[in-house]
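K.L.:
Below you'll find final-v8.txt; it's compact mmCIF, C-alpha atoms and all ligand atoms.
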```txt
# COMPACT_ATOMS: atom_id res chain seq x y z
CA MET A 1 107.69 81.76 82.30
CA ASN A 2 104.84 82.70 79.98
CA ILE A 3 101.69 84.00 81.65
CA LEU A 4 98.17 84.50 80.33
CA LEU A 5 96.07 87.08 82.18
CA LEU A 6 92.32 87.15 81.53
CA GLY A 7 90.24 90.32 81.50
CA SER A 8 90.09 93.81 80.07
CA GLY A 9 89.59 96.33 82.89
CA GLY A 10 91.58 98.57 85.17
CA ARG A 11 92.15 95.60 87.47
CA GLU A 12 93.81 93.71 84.64
CA HIS A 13 96.01 96.64 83.64
CA ALA A 14 97.18 96.94 87.26
CA LEU A 15 97.79 93.16 87.45
CA ALA A 16 99.64 93.21 84.13
CA TRP A 17 101.77 96.14 85.30
CA LYS A 18 102.70 94.25 88.48
CA ILE A 19 103.29 90.91 86.73
CA ARG A 20 105.47 92.64 84.14
CA GLN A 21 107.87 93.75 86.89
CA SER A 22 108.74 90.16 87.75
CA LYS A 23 112.04 88.83 86.46
CA LYS A 24 110.37 85.44 86.20
CA VAL A 25 108.21 86.52 83.26
CA ASP A 26 109.26 85.89 79.70
CA LYS A 27 106.04 86.64 77.85
CA LEU A 28 102.83 88.15 79.20
CA PHE A 29 99.61 87.82 77.20
CA ILE A 30 96.31 89.43 78.09
CA ALA A 31 92.99 88.16 76.73
CA PRO A 32 91.31 90.30 75.57
CA GLY A 33 93.03 93.25 77.30
CA ASN A 34 92.75 96.97 76.54
CA ALA A 35 95.01 99.73 75.25
CA GLY A 36 96.78 99.87 78.63
CA THR A 37 97.50 96.16 78.97
CA ALA A 38 99.02 96.32 75.48
CA LEU A 39 101.78 98.47 77.01
CA GLU A 40 102.67 95.66 79.44
CA GLY A 41 102.35 92.61 77.19
CA SER A 42 100.54 91.31 74.10
CA ASN A 43 96.78 91.44 73.84
CA VAL A 44 95.03 88.40 72.42
CA ALA A 45 91.52 88.66 70.97
CA ILE A 46 89.92 85.81 72.93
CA SER A 47 86.97 86.12 75.29
CA VAL A 48 87.61 85.22 78.95
CA SER A 49 84.88 82.57 78.76
CA ASP A 50 85.86 80.89 75.50
CA PHE A 51 87.64 77.96 77.15
CA ALA A 52 88.22 76.06 73.91
CA ALA A 53 89.99 79.01 72.28
CA LEU A 54 91.95 79.68 75.49
CA LYS A 55 93.10 76.06 75.49
CA ASP A 56 94.41 76.30 71.93
CA PHE A 57 96.25 79.50 72.78
CA VAL A 58 97.75 78.12 76.00
CA VAL A 59 99.08 75.05 74.23
CA ALA A 60 100.38 76.95 71.19
CA HIS A 61 102.18 79.61 73.26
CA GLU A 62 103.51 77.38 76.04
CA ILE A 63 101.68 79.27 78.77
CA GLN A 64 102.78 78.21 82.25
CA MET A 65 100.28 80.09 84.38
CA VAL A 66 96.77 81.50 83.86
CA VAL A 67 95.57 84.41 85.99
CA PRO A 68 91.83 85.13 85.65
CA GLY A 69 90.96 88.74 86.58
CA PRO A 70 87.13 88.70 86.55
CA GLU A 71 84.72 86.24 88.18
CA ASP A 72 83.02 85.03 85.02
CA PRO A 73 85.52 82.37 83.89
CA LEU A 74 85.98 81.21 87.49
CA VAL A 75 82.25 80.83 88.14
CA LYS A 76 82.02 78.99 84.80
CA GLY A 77 84.71 76.56 85.98
CA ILE A 78 87.95 77.43 84.17
CA TYR A 79 89.94 75.89 87.06
CA ASP A 80 88.12 72.55 86.65
CA PHE A 81 88.36 72.75 82.85
CA PHE A 82 92.16 72.93 83.08
CA LYS A 83 92.35 70.22 85.74
CA ALA A 84 90.27 67.80 83.69
CA ASP A 85 92.25 68.22 80.45
CA PRO A 86 95.43 66.10 80.10
CA SER A 87 97.18 68.78 78.04
CA LEU A 88 96.34 71.55 80.55
CA CYS A 89 96.30 69.92 83.97
CA GLY A 90 99.91 70.84 84.76
CA ILE A 91 99.24 74.55 84.17
CA PRO A 92 98.07 76.39 87.27
CA VAL A 93 94.98 78.58 87.10
CA ILE A 94 95.12 81.11 89.93
CA GLY A 95 91.62 80.95 91.35
CA PRO A 96 89.07 78.66 92.93
CA SER A 97 87.39 75.61 91.52
CA ARG A 98 83.84 76.07 90.24
CA GLU A 99 82.59 74.97 93.65
CA GLY A 100 84.79 77.54 95.43
CA ALA A 101 83.68 80.29 93.05
CA ARG A 102 80.12 79.74 94.28
CA LEU A 103 81.12 81.95 97.22
CA GLU A 104 80.60 84.72 94.68
CA GLY A 105 78.35 82.99 92.15
CA SER A 106 75.56 82.16 94.59
CA LYS A 107 74.57 84.41 97.48
CA ASP A 108 72.57 81.53 98.95
CA PHE A 109 75.65 79.25 98.88
CA ALA A 110 77.79 81.98 100.47
CA LYS A 111 75.29 82.66 103.27
CA ALA A 112 74.86 78.95 104.03
CA PHE A 113 78.66 78.53 104.04
CA MET A 114 79.03 81.37 106.53
CA GLN A 115 76.27 79.93 108.68
CA ARG A 116 77.95 76.49 108.72
CA HIS A 117 81.22 78.04 109.83
CA GLN A 118 79.83 80.67 112.24
CA ILE A 119 81.23 83.53 110.19
CA PRO A 120 79.58 86.84 111.15
CA THR A 121 77.20 88.12 108.46
CA ALA A 122 73.72 89.64 108.27
CA ARG A 123 70.81 87.32 109.22
CA TYR A 124 69.10 86.06 106.11
CA GLN A 125 66.43 83.95 104.47
CA SER A 126 66.67 82.39 101.01
CA VAL A 127 63.49 82.53 98.96
CA THR A 128 62.17 80.79 95.86
CA ASP A 129 58.65 80.25 94.53
CA GLU A 130 58.38 77.31 96.93
CA ASN A 131 58.73 79.23 100.22
CA LEU A 132 57.49 82.74 99.49
CA PRO A 133 55.38 82.94 102.71
CA GLU A 134 58.52 82.19 104.76
CA GLY A 135 60.28 85.02 102.95
CA PHE A 136 57.44 87.43 103.73
CA ASP A 137 57.44 86.35 107.39
CA PHE A 138 61.16 87.06 107.54
CA LEU A 139 60.63 90.51 105.99
CA ASP A 140 57.90 91.17 108.60
CA SER A 141 60.38 90.34 111.36
CA LEU A 142 62.99 92.88 110.16
CA GLN A 143 63.37 96.60 110.68
CA PRO A 144 63.65 98.67 107.48
CA PRO A 145 65.51 99.11 105.23
CA TYR A 146 65.29 95.69 103.60
CA VAL A 147 68.10 94.14 101.57
CA LEU A 148 67.16 91.90 98.62
CA LYS A 149 69.83 90.09 96.61
CA ALA A 150 69.48 88.02 93.47
CA ASP A 151 71.17 84.68 94.16
CA GLY A 152 73.23 84.53 90.97
CA LEU A 153 75.64 86.87 89.17
CA ALA A 154 73.79 89.99 88.07
CA ALA A 155 76.65 92.26 86.94
CA GLY A 156 76.59 94.23 90.19
CA LYS A 157 72.92 95.14 89.76
CA GLY A 158 71.33 92.35 91.77
CA VAL A 159 71.16 94.08 95.16
CA LEU A 160 68.20 96.25 96.18
CA ILE A 161 67.89 98.24 99.39
CA ILE A 162 64.26 99.18 100.01
CA HIS A 163 62.76 101.26 102.77
CA ASP A 164 59.10 100.33 102.49
CA LEU A 165 57.84 96.88 103.51
CA SER A 166 55.12 96.53 100.89
CA GLU A 167 57.51 97.78 98.22
CA ALA A 168 60.03 95.15 99.36
CA LYS A 169 57.41 92.40 99.04
CA LYS A 170 56.48 93.63 95.58
CA GLU A 171 60.16 93.52 94.55
CA VAL A 172 60.54 89.99 95.92
CA ARG A 173 57.67 88.90 93.65
CA GLU A 174 59.15 90.72 90.66
CA MET A 175 62.57 89.15 91.23
CA LEU A 176 61.03 85.69 91.43
CA ASP A 177 59.12 86.53 88.24
CA GLY A 178 62.42 87.10 86.45
CA LYS A 179 63.25 90.80 86.89
CA PHE A 180 66.95 89.85 86.99
CA GLY A 181 66.56 86.82 84.76
CA ALA A 182 67.60 83.44 86.05
CA ALA A 183 69.98 85.08 88.57
CA GLY A 184 67.00 86.25 90.63
CA ARG A 185 64.70 83.21 90.53
CA LYS A 186 66.22 82.52 93.88
CA LEU A 187 66.97 85.43 96.17
CA VAL A 188 68.34 86.21 99.57
CA ILE A 189 66.61 88.59 101.97
CA GLU A 190 69.00 90.12 104.48
CA GLU A 191 68.93 92.20 107.58
CA PHE A 192 70.40 95.65 106.89
CA LEU A 193 73.73 96.33 108.58
CA ASP A 194 74.67 99.91 109.32
CA GLY A 195 78.36 100.68 109.13
CA ILE A 196 81.29 101.56 106.89
CA GLU A 197 82.62 99.12 104.29
CA CYS A 198 86.09 98.01 103.31
CA SER A 199 87.61 95.38 101.03
CA VAL A 200 89.96 92.78 102.48
CA PHE A 201 91.91 90.63 100.04
CA VAL A 202 93.56 87.35 100.81
CA LEU A 203 95.74 85.11 98.72
CA THR A 204 95.45 81.44 99.66
CA ASP A 205 97.06 78.21 98.53
CA GLY A 206 94.28 76.24 100.21
CA ASN A 207 96.23 75.74 103.44
CA THR A 208 97.66 79.03 104.48
CA TYR A 209 96.88 82.60 103.48
CA ARG A 210 98.43 86.03 103.24
CA ILE A 211 96.42 89.20 103.82
CA LEU A 212 97.01 91.84 101.14
CA PRO A 213 96.77 95.60 101.75
CA VAL A 214 93.23 96.61 102.78
CA ALA A 215 91.33 98.99 100.51
CA LYS A 216 88.10 100.92 100.40
CA ASP A 217 86.19 101.56 97.22
CA TYR A 218 83.60 104.18 96.35
CA LYS A 219 80.71 102.51 94.54
CA ARG A 220 78.20 105.30 94.03
CA ILE A 221 78.33 107.55 90.98
CA GLY A 222 77.73 110.77 92.90
CA GLU A 223 79.73 112.73 95.43
CA GLY A 224 78.91 112.08 99.07
CA ASN A 225 78.11 108.45 98.10
CA THR A 226 74.87 109.35 96.33
CA GLY A 227 73.17 108.10 93.17
CA LEU A 228 73.41 104.79 91.41
CA ASN A 229 75.84 101.98 92.14
CA THR A 230 78.73 101.60 89.71
CA GLY A 231 81.59 99.15 89.33
CA GLY A 232 83.63 101.55 91.49
CA MET A 233 84.59 105.22 91.15
CA GLY A 234 87.75 105.26 93.21
CA ALA A 235 89.63 103.52 95.98
CA VAL A 236 92.18 104.14 98.70
CA SER A 237 94.57 101.96 100.68
CA PRO A 238 95.24 101.64 103.58
CA VAL A 239 91.92 102.22 105.36
CA PRO A 240 92.31 104.08 108.68
CA PHE A 241 89.44 102.30 110.47
CA ALA A 242 90.78 98.87 109.48
CA ASP A 243 93.30 99.16 112.30
CA SER A 244 95.09 96.29 113.98
CA ALA A 245 92.22 95.58 116.41
CA PHE A 246 89.69 95.41 113.56
CA MET A 247 92.01 93.30 111.41
CA GLN A 248 92.69 90.92 114.27
CA LYS A 249 88.94 90.33 114.66
CA THR A 250 88.65 89.97 110.90
CA GLU A 251 91.38 87.37 110.78
CA GLU A 252 90.06 85.36 113.74
CA ARG A 253 86.34 85.52 113.00
CA ILE A 254 86.28 85.66 109.21
CA ILE A 255 89.47 84.87 107.32
CA ARG A 256 90.66 81.84 109.26
CA PRO A 257 87.20 80.20 109.49
CA THR A 258 86.74 80.76 105.75
CA ILE A 259 90.02 79.04 104.84
CA GLU A 260 89.39 76.27 107.36
CA GLY A 261 85.82 75.89 106.12
CA LEU A 262 86.92 75.51 102.51
CA LYS A 263 89.46 72.91 103.59
CA ALA A 264 86.97 71.02 105.77
CA GLU A 265 84.51 70.89 102.86
CA ALA A 266 87.27 69.77 100.46
CA ILE A 267 86.67 72.76 98.19
CA ASP A 268 89.71 73.45 96.00
CA TYR A 269 90.65 77.11 96.37
CA LYS A 270 94.04 78.45 95.29
CA GLY A 271 93.69 82.11 94.52
CA PHE A 272 92.33 85.45 95.68
CA ILE A 273 89.45 85.82 98.10
CA PHE A 274 87.82 89.23 98.36
CA PHE A 275 85.97 89.79 101.62
CA GLY A 276 83.52 92.69 101.31
CA LEU A 277 83.27 93.69 104.97
CA ILE A 278 81.23 96.14 106.95
CA ASN A 279 82.46 97.59 110.23
CA VAL A 280 79.52 97.73 112.63
CA LYS A 281 80.66 99.53 115.78
CA GLY A 282 84.14 98.00 115.53
CA ASP A 283 83.02 94.47 114.61
CA PRO A 284 83.51 93.06 111.10
CA PHE A 285 80.66 91.35 109.21
CA VAL A 286 80.81 89.84 105.73
CA ILE A 287 78.60 91.64 103.20
CA GLU A 288 79.79 89.48 100.34
CA TYR A 289 82.54 87.21 99.11
CA ASN A 290 84.11 87.58 95.69
CA CYS A 291 86.39 84.97 94.17
CA ARG A 292 88.76 87.48 92.54
CA MET A 293 90.40 90.84 93.17
CA GLY A 294 88.28 94.00 93.25
CA ASP A 295 88.19 96.75 90.67
CA PRO A 296 89.29 99.53 91.33
CA GLU A 297 90.80 98.19 94.57
CA THR A 298 93.46 96.24 92.63
CA GLU A 299 94.74 99.52 91.23
CA VAL A 300 95.73 100.61 94.77
CA VAL A 301 96.54 97.19 96.25
CA MET A 302 99.11 96.40 93.53
CA LEU A 303 100.82 99.74 94.15
CA ARG A 304 101.36 98.76 97.79
CA ILE A 305 102.57 95.16 97.40
CA GLN A 306 106.36 95.13 97.35
CA ASN A 307 106.74 91.39 96.68
CA ASP A 308 107.25 89.88 93.28
CA LEU A 309 103.63 89.03 92.44
CA VAL A 310 104.54 86.12 90.17
CA SER A 311 106.57 84.56 92.94
CA LEU A 312 103.55 84.87 95.27
CA LEU A 313 101.29 83.30 92.65
CA GLU A 314 103.75 80.45 92.09
CA SER A 315 103.66 79.73 95.82
CA VAL A 316 99.87 79.68 95.66
CA ALA A 317 99.98 77.11 92.89
CA GLU A 318 102.66 75.00 94.59
CA GLY A 319 101.15 75.15 98.07
CA SER A 320 104.21 76.88 99.53
CA LEU A 321 102.66 80.21 100.47
CA HIS A 322 103.76 79.63 104.09
CA GLU A 323 107.32 80.39 102.91
CA GLN A 324 106.34 83.86 101.71
CA HIS A 325 106.31 87.00 103.76
CA LEU A 326 104.12 89.79 102.45
CA ARG A 327 105.78 93.21 102.25
CA GLU A 328 103.52 96.29 102.15
CA ASP A 329 104.60 99.74 101.08
CA PRO A 330 103.88 101.90 104.17
CA ARG A 331 102.80 104.75 101.90
CA SER A 332 99.18 105.34 100.86
CA ALA A 333 97.73 104.72 97.44
CA ALA A 334 94.63 106.21 95.87
CA THR A 335 92.89 105.84 92.54
CA VAL A 336 90.25 108.02 90.89
CA VAL A 337 88.21 106.54 88.05
CA LEU A 338 87.36 108.63 85.00
CA VAL A 339 84.08 107.53 83.47
CA SER A 340 82.04 108.22 80.34
CA GLY A 341 79.16 110.67 80.81
CA GLY A 342 75.92 108.76 81.43
CA TYR A 343 77.58 105.81 83.15
CA PRO A 344 76.33 103.64 84.89
CA GLY A 345 73.41 104.16 82.51
CA ALA A 346 73.78 104.50 78.74
CA TYR A 347 76.98 106.16 77.50
CA GLU A 348 78.86 106.65 74.26
CA LYS A 349 82.17 105.05 73.31
CA GLY A 350 84.88 105.98 70.85
CA LYS A 351 85.83 109.41 72.24
CA PRO A 352 89.49 110.31 71.68
CA ILE A 353 91.50 110.60 74.93
CA THR A 354 94.03 113.42 75.09
CA GLY A 355 96.82 114.15 77.57
CA LEU A 356 97.89 110.56 78.18
CA SER A 357 101.48 111.27 77.23
CA ASP A 358 101.57 114.34 79.54
CA ALA A 359 100.10 112.44 82.45
CA LEU A 360 103.46 111.37 83.78
CA LEU A 361 104.47 111.98 87.36
CA PRO A 362 106.68 109.65 89.38
CA ASP A 363 104.44 107.44 91.53
CA THR A 364 101.38 108.04 89.37
CA TYR A 365 100.07 105.38 87.04
CA VAL A 366 97.22 105.82 84.61
CA PHE A 367 95.68 102.37 84.46
CA HIS A 368 93.35 101.82 81.52
CA ALA A 369 89.90 100.41 82.24
CA GLY A 370 87.84 100.82 79.06
CA THR A 371 90.12 101.92 76.24
CA ARG A 372 90.94 100.86 72.71
CA ALA A 373 94.04 101.72 70.67
CA LEU A 374 93.85 102.88 67.08
CA ALA A 375 96.86 103.69 64.91
CA ASP A 376 96.52 107.41 65.66
CA GLY A 377 95.36 107.45 69.24
CA ILE A 378 93.46 105.93 72.13
CA LEU A 379 89.68 105.95 72.37
CA THR A 380 87.22 105.42 75.20
CA ASP A 381 85.70 101.96 75.05
CA GLY A 382 83.67 101.51 78.22
CA GLY A 383 81.85 103.16 81.13
CA ARG A 384 84.92 103.21 83.30
CA VAL A 385 87.75 104.53 81.13
CA LEU A 386 90.87 105.26 83.20
CA ALA A 387 91.91 104.71 86.82
CA VAL A 388 94.41 107.39 87.77
CA SER A 389 96.41 105.89 90.61
CA SER A 390 99.12 107.35 92.84
CA CYS A 391 101.27 106.66 95.86
CA GLY A 392 101.98 109.34 98.43
CA SER A 393 103.11 109.72 102.01
CA GLY A 394 99.45 109.91 103.04
CA MET A 395 96.05 109.50 101.42
CA LYS A 396 95.73 113.24 100.83
CA GLU A 397 99.06 113.44 99.05
CA ALA A 398 98.25 110.42 96.88
CA LEU A 399 94.86 111.87 95.97
CA ALA A 400 96.31 115.32 95.24
CA GLN A 401 98.74 113.70 92.82
CA SER A 402 95.99 111.76 91.03
CA TYR A 403 93.78 114.86 90.76
CA SER A 404 96.71 116.87 89.44
CA VAL A 405 97.30 114.31 86.68
CA ILE A 406 93.57 114.19 85.92
CA SER A 407 93.63 117.91 85.17
CA THR A 408 95.82 117.13 82.14
CA LEU A 409 93.57 114.35 80.82
CA HIS A 410 90.50 114.84 78.68
CA PHE A 411 87.81 113.10 76.69
CA ASP A 412 84.37 114.28 75.68
CA THR A 413 81.83 113.79 78.54
CA MET A 414 84.54 112.77 81.05
CA TYR A 415 83.25 112.61 84.64
CA PHE A 416 84.89 111.71 87.96
CA ARG A 417 84.23 112.09 91.65
CA LYS A 418 86.19 114.87 93.34
CA ASP A 419 85.61 113.51 96.85
CA ILE A 420 87.33 110.11 96.94
CA GLY A 421 88.43 109.44 100.53
CA PHE A 422 86.08 112.13 101.87
CA ASP A 423 84.66 109.97 104.67
CA LEU A 424 87.96 108.73 106.12
P1 LIG A 501 76.86 93.11 97.41
O1 LIG A 501 76.72 92.93 95.93
O2 LIG A 501 76.39 91.94 98.22
O3 LIG A 501 78.23 93.60 97.80
O4 LIG A 501 75.95 94.35 97.79
C1 LIG A 501 76.12 95.60 97.17
C2 LIG A 501 76.12 96.69 98.18
O5 LIG A 501 74.87 96.70 98.89
C3 LIG A 501 77.17 96.53 99.26
O6 LIG A 501 78.41 97.02 98.90
C4 LIG A 501 76.55 97.29 100.41
O7 LIG A 501 76.80 98.67 100.27
C5 LIG A 501 75.08 97.05 100.25
N1 LIG A 501 74.66 95.94 101.11
C6 LIG A 501 74.60 94.65 100.77
N2 LIG A 501 74.17 93.89 101.80
C7 LIG A 501 73.95 94.73 102.82
C8 LIG A 501 73.47 94.56 104.15
N3 LIG A 501 73.12 93.39 104.65
N4 LIG A 501 73.37 95.66 104.93
C9 LIG A 501 73.71 96.89 104.44
N5 LIG A 501 74.13 97.11 103.20
C10 LIG A 501 74.26 96.05 102.39
N1 LIG A 502 84.97 97.19 93.65
C1 LIG A 502 84.08 96.13 93.95
C2 LIG A 502 84.23 94.94 93.11
O1 LIG A 502 85.20 94.75 92.40
O2 LIG A 502 83.32 94.10 93.13
```
Turn the structure described in the file into structure tokens.
Ligand code: AMP
Ligand code: GLY
P.N.:
Amino acid sequence: MNILLLGSGGREHALAWKIRQSKKVDKLFIAPGNAGTALEGSNVAISVSDFAALKDFVVAHEIQMVVPGPEDPLVKGIYDFFKADPSLCGIPVIGPSREGARLEGSKDFAKAFMQRHQIPTARYQSVTDENLPEGFDFLDSLQPPYVLKADGLAAGKGVLIIHDLSEAKKEVREMLDGKFGAAGRKLVIEEFLDGIECSVFVLTDGNTYRILPVAKDYKRIGEGNTGLNTGGMGAVSPVPFADSAFMQKTEERIIRPTIEGLKAEAIDYKGFIFFGLINVKGDPFVIEYNCRMGDPETEVVMLRIQNDLVSLLESVAEGSLHEQHLREDPRSAATVVLVSGGYPGAYEKGKPITGLSDALLPDTYVFHAGTRALADGILTDGGRVLAVSSCGSGMKEALAQSYSVISTLHFDTMYFRKDIGFDL
């Protein structure tokens, strides 16, 4: 079959790498892709949100499955766009409907959904211009720190954690005044939960689900989890504290009620669900839902899935996921992200990357995140540039392998965290 994968990051290179291994695949296209995805299939210069151009491409190239990597096309309704078009409606899009994608696209929707289905999450209050006094009363009732979240997509920058009450109230006003644009005209105030986070991924066909390997990502730019939030600086899988007791609670209290809730509300959802969880004294709470895989978690999760991914995705589309048994590699996987100096602030692009052809060890994969190929070499093309990913008999071995490969890689201003996994 011919598959079109959407996106251009490390997640998409890892997905392309895994899809490429399936015997079911004839042609794999990636729109728009990066220099790494071009090694697994053919890149196509179409934006993930240009549905009209995607349609033309899908029809012209007899695409039989579309796999969106990032949230943007899903939140914009690519699933519904395909369903509503007579020439596309037979082609599965792996992901939720626009309504289902609101689990990620609207924090207010996600919190209300969890409340309706008694799914454990931080207490909250949604605020707009209309009910500001209620929002301030709620803030008064909380202990610091205070968590403020823009309702809509804000490219990972819409969450503020503030220690001072009057500062928090000032921020609420500024968000309502448009600090995060339209995304923040509505916001969610949350109680702060103290614990350690992990990422749980589920594949669902709308009826049943399969839990994928659990991962933990490292979001802060600095070692010891300090400094600004980024898209993710590294990840490991499995996660020692996500043991069978924790996962049993997660399945009973969170995963099952989520799938049942979607079904009860007749929300079409056939794809990945990413549960951002926090472990508070052994109990799981949902910090956020995402309607896609995580990045860089995908770079470790794909290394540990032994199934044919395309066969799993076909079952999702056909509603036969109950026939599939998920097989996990018992080994550990780890990824370390190499970023451009300055990221997550301003950074330069176009730096030549050296050492890529030397960076070859068995069980190590250099997934490209922000790269661009020229005739005579590969250049940096984003904040996150490469995700150096390895498997090993334990987390330490996997990390040692990734760091050893990193020592052979170079680009001007390259930065990475040397402490991935430090807290486990
Ligand atoms: P989100 O975009 O909702 O995942 O939030 C970004 C980050 O903010 C999370 O990964 C957490 O580290 C932190 N965070 C969000 N909500 C809370 C909360 N209620 N309590 C503690 N930390 C939170
Ligand atoms: N690594 C977190 C995310 O993909 O949102």
K.L.:
Could you tell me, counting all atoms listed in the file, which protein and nucleic acid residues lie no more than 12 Å from ligand LIG 502 (chain A), written as a PyMOL selection string?
P.N.:
chain A and resi 9-12+69-71+104+153-157+197-201+215-220+229-236+273-277+287-301+335+337+384
K.L.:
Using C-alpha atoms, can you write the selected residues to a file as a PDB file, in the frame of the given file?
P.N.:
```
ATOM      1  CA  GLY A   9      89.590  96.330  82.890  1.00  0.00           C
ATOM      2  CA  GLY A  10      91.580  98.570  85.170  1.00  0.00           C
ATOM      3  CA  ARG A  11      92.150  95.600  87.470  1.00  0.00           C
ATOM      4  CA  GLU A  12      93.810  93.710  84.640  1.00  0.00           C
ATOM      5  CA  GLY A  69      90.960  88.740  86.580  1.00  0.00           C
ATOM      6  CA  PRO A  70      87.130  88.700  86.550  1.00  0.00           C
ATOM      7  CA  GLU A  71      84.720  86.240  88.180  1.00  0.00           C
ATOM      8  CA  GLU A 104      80.600  84.720  94.680  1.00  0.00           C
ATOM      9  CA  LEU A 153      75.640  86.870  89.170  1.00  0.00           C
ATOM     10  CA  ALA A 154      73.790  89.990  88.070  1.00  0.00           C
ATOM     11  CA  ALA A 155      76.650  92.260  86.940  1.00  0.00           C
ATOM     12  CA  GLY A 156      76.590  94.230  90.190  1.00  0.00           C
ATOM     13  CA  LYS A 157      72.920  95.140  89.760  1.00  0.00           C
ATOM     14  CA  GLU A 197      82.620  99.120 104.290  1.00  0.00           C
ATOM     15  CA  CYS A 198      86.090  98.010 103.310  1.00  0.00           C
ATOM     16  CA  SER A 199      87.610  95.380 101.030  1.00  0.00           C
ATOM     17  CA  VAL A 200      89.960  92.780 102.480  1.00  0.00           C
ATOM     18  CA  PHE A 201      91.910  90.630 100.040  1.00  0.00           C
ATOM     19  CA  ALA A 215      91.330  98.990 100.510  1.00  0.00           C
ATOM     20  CA  LYS A 216      88.100 100.920 100.400  1.00  0.00           C
ATOM     21  CA  ASP A 217      86.190 101.560  97.220  1.00  0.00           C
ATOM     22  CA  TYR A 218      83.600 104.180  96.350  1.00  0.00           C
ATOM     23  CA  LYS A 219      80.710 102.510  94.540  1.00  0.00           C
ATOM     24  CA  ARG A 220      78.200 105.300  94.030  1.00  0.00           C
ATOM     25  CA  ASN A 229      75.840 101.980  92.140  1.00  0.00           C
ATOM     26  CA  THR A 230      78.730 101.600  89.710  1.00  0.00           C
ATOM     27  CA  GLY A 231      81.590  99.150  89.330  1.00  0.00           C
ATOM     28  CA  GLY A 232      83.630 101.550  91.490  1.00  0.00           C
ATOM     29  CA  MET A 233      84.590 105.220  91.150  1.00  0.00           C
ATOM     30  CA  GLY A 234      87.750 105.260  93.210  1.00  0.00           C
ATOM     31  CA  ALA A 235      89.630 103.520  95.980  1.00  0.00           C
ATOM     32  CA  VAL A 236      92.180 104.140  98.700  1.00  0.00           C
ATOM     33  CA  ILE A 273      89.450  85.820  98.100  1.00  0.00           C
ATOM     34  CA  PHE A 274      87.820  89.230  98.360  1.00  0.00           C
ATOM     35  CA  PHE A 275      85.970  89.790 101.620  1.00  0.00           C
ATOM     36  CA  GLY A 276      83.520  92.690 101.310  1.00  0.00           C
ATOM     37  CA  LEU A 277      83.270  93.690 104.970  1.00  0.00           C
ATOM     38  CA  ILE A 287      78.600  91.640 103.200  1.00  0.00           C
ATOM     39  CA  GLU A 288      79.790  89.480 100.340  1.00  0.00           C
ATOM     40  CA  TYR A 289      82.540  87.210  99.110  1.00  0.00           C
ATOM     41  CA  ASN A 290      84.110  87.580  95.690  1.00  0.00           C
ATOM     42  CA  CYS A 291      86.390  84.970  94.170  1.00  0.00           C
ATOM     43  CA  ARG A 292      88.760  87.480  92.540  1.00  0.00           C
ATOM     44  CA  MET A 293      90.400  90.840  93.170  1.00  0.00           C
ATOM     45  CA  GLY A 294      88.280  94.000  93.250  1.00  0.00           C
ATOM     46  CA  ASP A 295      88.190  96.750  90.670  1.00  0.00           C
ATOM     47  CA  PRO A 296      89.290  99.530  91.330  1.00  0.00           C
ATOM     48  CA  GLU A 297      90.800  98.190  94.570  1.00  0.00           C
ATOM     49  CA  THR A 298      93.460  96.240  92.630  1.00  0.00           C
ATOM     50  CA  GLU A 299      94.740  99.520  91.230  1.00  0.00           C
ATOM     51  CA  VAL A 300      95.730 100.610  94.770  1.00  0.00           C
ATOM     52  CA  VAL A 301      96.540  97.190  96.250  1.00  0.00           C
ATOM     53  CA  THR A 335      92.890 105.840  92.540  1.00  0.00           C
ATOM     54  CA  VAL A 337      88.210 106.540  88.050  1.00  0.00           C
ATOM     55  CA  ARG A 384      84.920 103.210  83.300  1.00  0.00           C
TER      56      ARG A 384
END
```
K.L.:
Give me, please, the distance in Å between atom CA of A:Ser106 and atom CA of A:Leu4, quoted to one decimal.
P.N.:
26.8 Å
K.L.:
So, counting all atoms listed in the file, which residue among A:Ile94, A:Ala110, A:Val366, A:Cys391 is closest to A:Asp268?
P.N.:
A:Ile94
K.L.:
Identify, counting all atoms listed in the file, the protein, DNA and RNA residues located within 6 Å of ligand LIG 501 (chain A), and give them as an MDAnalysis selection string.
P.N.:
chainID A and resid 122 147 156 159 190:194 287:288
K.L.:
Return as JSON the box centre and box size in Å, one decimal, for an axis-aligned box around all listed atoms of stretch 56-75 of chain A padded by 4 Å per side.
P.N.:
```
{"center_x": 92.9, "center_y": 81.9, "center_z": 79.7, "size_x": 29.3, "size_y": 21.7, "size_z": 25.0}
```
K.L.:
Write out as a PyMOL selection string each polymer residue whose atoms come within 12 Å of stretch 374-381 of chain A, counting all atoms listed in the file; drop sequence neighbours fewer than 3 positions from it.
P.N.:
chain A and resi 8-9+33-36+38+338-341+347-357+368-371+384-386+410-414
K.L.:
Using all atoms listed in the file, what residues lie at most 12 Å away from (96.6, 69.0, 78.7) (file coordinates), given as a ChimeraX atom specification?
P.N.:
/A:52,55-56,58-60,62-64,81-92
K.L.:
Which residue gives the smallest distance to A:Pro120 among A:Ile267, A:Leu309, A:Ala53, A:Ile278, with only C-alpha atoms counted?
P.N.:
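Closest to A:Pro120 of all the choices is A:Ile278.
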K.L.:
Of the residues A:Thr364, A:Ser166, A:Gln143, A:Gln115, which is the one nearest to A:Ala398, using all atoms listed in the file?
P.N.:
A:Thr364
K.L.:
Would you mind reading off the distance between atom CA of A:Lys396 and atom CA of A:Phe422, one decimal, in Å?
P.N.:
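Going from atom CA of A:Lys396 over to atom CA of A:Phe422 covers 9.8 Å.
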